[in-house]
Amino acid sequence: MKCLYCGCEDSKVIDSRSADEGRTIRRRRECTSCGKRFTTYETIEDTPVLVIKSSGTRQAFDPQKIKNGIIKSCEKRPVSLTAIDDMVSAITKQVYNSMEQEISSKKIGEMVMEELKKVDEVAYVRYASVYRSFKDIPSFMEELKKLMENKN
């Protein structure tokens with residue numbers, strides 16, 4: 001880290017402390033050349049992820065939207081809020097770990113269906129019926145058959 005006072009590129013860390021609720025590290029440094037002290041901050045680089053909607057528009061990734069969709073599909077089902085939060089957390093991790101700056105809403109929908117399938121099959125079918133917008137009963141039945149085949 002370059003010294004603010006003399007421009008020397010060599011300094012030593014004297015003190016490190018967590019700041020901003022653990023999202024930042026505050027470091028007190030001392031220049032090895034002039035001996036003056038200064039403070040630096042280290043933060044995690046937050047790269048935004050954009051969701052490409054089916055219409056082609058883009059919007060910021062929002063885990064709350066995923067949670068709302070899962071809650072709707074789990075209405076009147078024995079799925080705890082903790083389980084829902086765990087699903088949202090797993091999907092959010094997948095999105096950020098993909099290291100992609102843009103992700104399609106279709107891919108996110110598939111992730112949601114995979115998580116729901118593990119937790120509650122009825123909630124999965126509810127979500128799939130809206131997400132895949134079944135046009136008729138045969139297409140709905142085909143999805144149910146796939147679910148039954150994968151279960152066996």
# chains A, B, ... in the order shown; residues from 1 in each chain; ligands from 1
call {"tool": "select_by_dssp", "arguments": {"residues": "segment 83-144 of chain A", "states": "alpha helix (DSSP H)", "output": "number ranges by chain"}}
result
A: 83-97, 105-119, 121-131, 137-144
call {"tool": "residues_around", "arguments": {"residues": "segment 84-100 of chain A", "least_positions_apart": "2", "cutoff": "8 Å", "atoms": "only C-alpha atoms", "output": "PyMOL selection string"}}
result
chain A and resi 49+63+66-67+70-71+79-82+102-103+108+111-112+115-116
call {"tool": "select_by_dssp", "arguments": {"residues": "chain A", "states": "strand (DSSP E)", "output": "VMD selection string"}}
result
chain A and resid 11 to 19 24 to 31 37 to 43 50 to 52 58 to 60 102 to 104
call {"tool": "write_last_selection", "arguments": {"atoms": "N, CA and C atoms", "output": "short mmCIF file (atom, residue, chain, number, x, y, z; two decimals), in the first residue's frame"}}
result
data_model
loop_
_atom_site.label_atom_id
_atom_site.label_comp_id
_atom_site.auth_asym_id
_atom_site.auth_seq_id
_atom_site.Cartn_x
_atom_site.Cartn_y
_atom_site.Cartn_z
N SER A 11 4.73 -0.66 3.64
CA SER A 11 4.16 -0.31 4.94
C SER A 11 3.88 -1.60 5.71
N LYS A 12 3.73 -1.44 7.01
CA LYS A 12 3.40 -2.61 7.82
C LYS A 12 2.06 -2.37 8.53
N VAL A 13 1.33 -3.47 8.70
CA VAL A 13 0.04 -3.40 9.36
C VAL A 13 0.26 -3.42 10.86
N ILE A 14 -0.30 -2.42 11.54
CA ILE A 14 -0.15 -2.32 12.99
C ILE A 14 -1.37 -2.89 13.70
N ASP A 15 -2.55 -2.68 13.11
CA ASP A 15 -3.79 -3.13 13.74
C ASP A 15 -4.82 -3.44 12.66
N SER A 16 -5.56 -4.53 12.85
CA SER A 16 -6.67 -4.89 11.95
C SER A 16 -7.92 -5.10 12.77
N ARG A 17 -9.02 -4.51 12.31
CA ARG A 17 -10.29 -4.68 13.01
C ARG A 17 -11.41 -4.84 12.00
N SER A 18 -12.41 -5.58 12.42
CA SER A 18 -13.60 -5.77 11.60
C SER A 18 -14.46 -4.50 11.71
N ALA A 19 -15.05 -4.09 10.59
CA ALA A 19 -15.93 -2.92 10.59
C ALA A 19 -17.14 -3.23 9.72
N THR A 24 -16.23 -5.36 6.26
CA THR A 24 -15.04 -4.57 5.95
C THR A 24 -13.97 -4.83 7.00
N ILE A 25 -12.73 -4.77 6.57
CA ILE A 25 -11.62 -4.85 7.52
C ILE A 25 -10.90 -3.51 7.49
N ARG A 26 -10.76 -2.91 8.67
CA ARG A 26 -10.07 -1.63 8.82
C ARG A 26 -8.65 -1.93 9.26
N ARG A 27 -7.66 -1.40 8.53
CA ARG A 27 -6.26 -1.65 8.87
C ARG A 27 -5.52 -0.34 9.14
N ARG A 28 -4.83 -0.29 10.28
CA ARG A 28 -3.93 0.84 10.57
C ARG A 28 -2.56 0.42 10.08
N ARG A 29 -1.96 1.26 9.28
CA ARG A 29 -0.64 0.96 8.70
C ARG A 29 0.37 2.01 9.11
N GLU A 30 1.63 1.59 9.06
CA GLU A 30 2.73 2.52 9.33
C GLU A 30 3.73 2.40 8.19
N CYS A 31 4.09 3.56 7.63
CA CYS A 31 5.04 3.59 6.53
C CYS A 31 6.42 3.22 7.06
N ARG A 37 1.46 7.18 10.03
CA ARG A 37 0.42 6.16 10.04
C ARG A 37 -0.79 6.60 9.21
N PHE A 38 -1.45 5.62 8.63
CA PHE A 38 -2.65 5.88 7.85
C PHE A 38 -3.56 4.66 7.92
N THR A 39 -4.81 4.85 7.53
CA THR A 39 -5.82 3.79 7.62
C THR A 39 -6.26 3.36 6.22
N THR A 40 -6.41 2.05 6.05
CA THR A 40 -6.96 1.51 4.79
C THR A 40 -8.15 0.62 5.14
N TYR A 41 -9.01 0.43 4.15
CA TYR A 41 -10.17 -0.43 4.33
C TYR A 41 -10.17 -1.49 3.24
N GLU A 42 -10.48 -2.72 3.63
CA GLU A 42 -10.56 -3.83 2.69
C GLU A 42 -12.00 -4.33 2.69
N THR A 43 -12.62 -4.38 1.49
CA THR A 43 -14.00 -4.85 1.40
C THR A 43 -14.12 -5.92 0.31
N LEU A 50 -27.18 -9.54 -13.17
CA LEU A 50 -28.40 -9.12 -13.85
C LEU A 50 -29.16 -10.35 -14.33
N VAL A 51 -30.47 -10.30 -14.20
CA VAL A 51 -31.34 -11.38 -14.66
C VAL A 51 -31.91 -10.97 -16.01
N ILE A 52 -31.74 -11.85 -16.99
CA ILE A 52 -32.29 -11.60 -18.31
C ILE A 52 -33.68 -12.24 -18.35
N ARG A 58 -33.50 -6.60 -18.68
CA ARG A 58 -32.59 -7.00 -17.62
C ARG A 58 -32.94 -6.26 -16.34
N GLN A 59 -32.80 -6.96 -15.23
CA GLN A 59 -32.99 -6.33 -13.93
C GLN A 59 -32.07 -7.00 -12.91
N ALA A 60 -31.80 -6.29 -11.83
CA ALA A 60 -30.89 -6.80 -10.80
C ALA A 60 -31.47 -8.06 -10.16
N GLU A 102 -24.55 -12.14 -15.88
CA GLU A 102 -25.93 -12.19 -16.35
C GLU A 102 -26.39 -13.64 -16.33
N ILE A 103 -27.63 -13.83 -15.91
CA ILE A 103 -28.20 -15.17 -15.84
C ILE A 103 -29.66 -15.08 -16.29
N SER A 104 -30.12 -16.08 -17.01
CA SER A 104 -31.49 -16.03 -17.51
C SER A 104 -32.48 -16.39 -16.41
#
call {"tool": "closest_atom_pairs", "arguments": {"of": "segment 4-115 of chain A", "to": "segment 131-146 of chain A", "cutoff": "10 Å", "atoms": "only C-alpha atoms", "output": "JSON lines"}}
result
{"residue": "A:Gly69", "atom": "CA", "partner": "A:Tyr131", "partner_atom": "CA", "distance": 9.8}
{"residue": "A:Lys106", "atom": "CA", "partner": "A:Tyr131", "partner_atom": "CA", "distance": 8.7}
{"residue": "A:Gly109", "atom": "CA", "partner": "A:Tyr131", "partner_atom": "CA", "distance": 7.0}
{"residue": "A:Glu110", "atom": "CA", "partner": "A:Tyr131", "partner_atom": "CA", "distance": 9.0}
{"residue": "A:Val112", "atom": "CA", "partner": "A:Tyr131", "partner_atom": "CA", "distance": 9.9}
{"residue": "A:Met113", "atom": "CA", "partner": "A:Tyr131", "partner_atom": "CA", "distance": 9.0}
call {"tool": "write_last_selection", "arguments": {"atoms": "N, CA and C atoms", "output": "tab-separated table (two decimals), in the first residue's frame"}}
result
chain	number	residue	atom	x	y	z
A	69	GLY	N	-41.93	-16.25	-4.67
A	69	GLY	CA	-42.44	-17.31	-5.55
A	69	GLY	C	-42.52	-18.65	-4.83
A	106	LYS	N	-34.96	-18.12	-16.85
A	106	LYS	CA	-35.27	-19.53	-17.09
A	106	LYS	C	-34.36	-20.43	-16.25
A	109	GLY	N	-35.38	-20.22	-12.68
A	109	GLY	CA	-36.60	-21.01	-12.49
A	109	GLY	C	-36.31	-22.49	-12.37
A	110	GLU	N	-35.38	-22.98	-13.17
A	110	GLU	CA	-34.98	-24.40	-13.09
A	110	GLU	C	-34.35	-24.70	-11.73
A	112	VAL	N	-34.96	-23.14	-8.92
A	112	VAL	CA	-36.06	-23.14	-7.93
A	112	VAL	C	-36.80	-24.47	-7.97
A	113	MET	N	-37.10	-24.96	-9.17
A	113	MET	CA	-37.83	-26.23	-9.28
A	113	MET	C	-37.02	-27.38	-8.71
call {"tool": "closest_residue", "arguments": {"among": "A:Asn68, A:Ser129, A:Ser105, A:Ser33", "to": "Gly56 of chain A", "atoms": "only C-alpha atoms"}}
result
A:Ser105
call {"tool": "closest_residue", "arguments": {"among": "A:Pro48, A:Val130, A:Lys2, A:Val122", "to": "Phe61 of chain A", "atoms": "only C-alpha atoms"}}
result
A:Pro48
call {"tool": "residues_around", "arguments": {"residues": "Cys6 of chain A", "least_positions_apart": "2", "cutoff": "8 Å", "atoms": "only C-alpha atoms", "output": "short mmCIF file (atom, residue, chain, number, x, y, z; two decimals) with N, CA and C atoms, in the first residue's frame"}}
result
data_model
loop_
_atom_site.label_atom_id
_atom_site.label_comp_id
_atom_site.auth_asym_id
_atom_site.auth_seq_id
_atom_site.Cartn_x
_atom_site.Cartn_y
_atom_site.Cartn_z
N CYS A 3 2.19 4.91 0.68
CA CYS A 3 2.06 5.89 1.75
C CYS A 3 1.49 7.19 1.19
N LEU A 4 0.53 7.76 1.91
CA LEU A 4 -0.10 9.03 1.51
C LEU A 4 0.87 10.21 1.61
N CYS A 8 6.09 6.06 -0.50
CA CYS A 8 6.78 4.77 -0.38
C CYS A 8 5.75 3.64 -0.48
N SER A 33 9.17 3.95 5.64
CA SER A 33 10.13 4.99 5.26
C SER A 33 10.01 6.23 6.15
N CYS A 34 8.82 6.83 6.22
CA CYS A 34 8.67 8.08 6.98
C CYS A 34 8.08 7.85 8.38
#
call {"tool": "atom_distance", "arguments": {"atom1": "atom CA of Thr57 of chain A", "atom2": "atom CA of Lys72 of chain A"}}
result
24.1 Å
call {"tool": "atom_distance", "arguments": {"atom1": "atom CA of Ser73 of chain A", "atom2": "atom CA of Gln101 of chain A"}}
result
27.8 Å
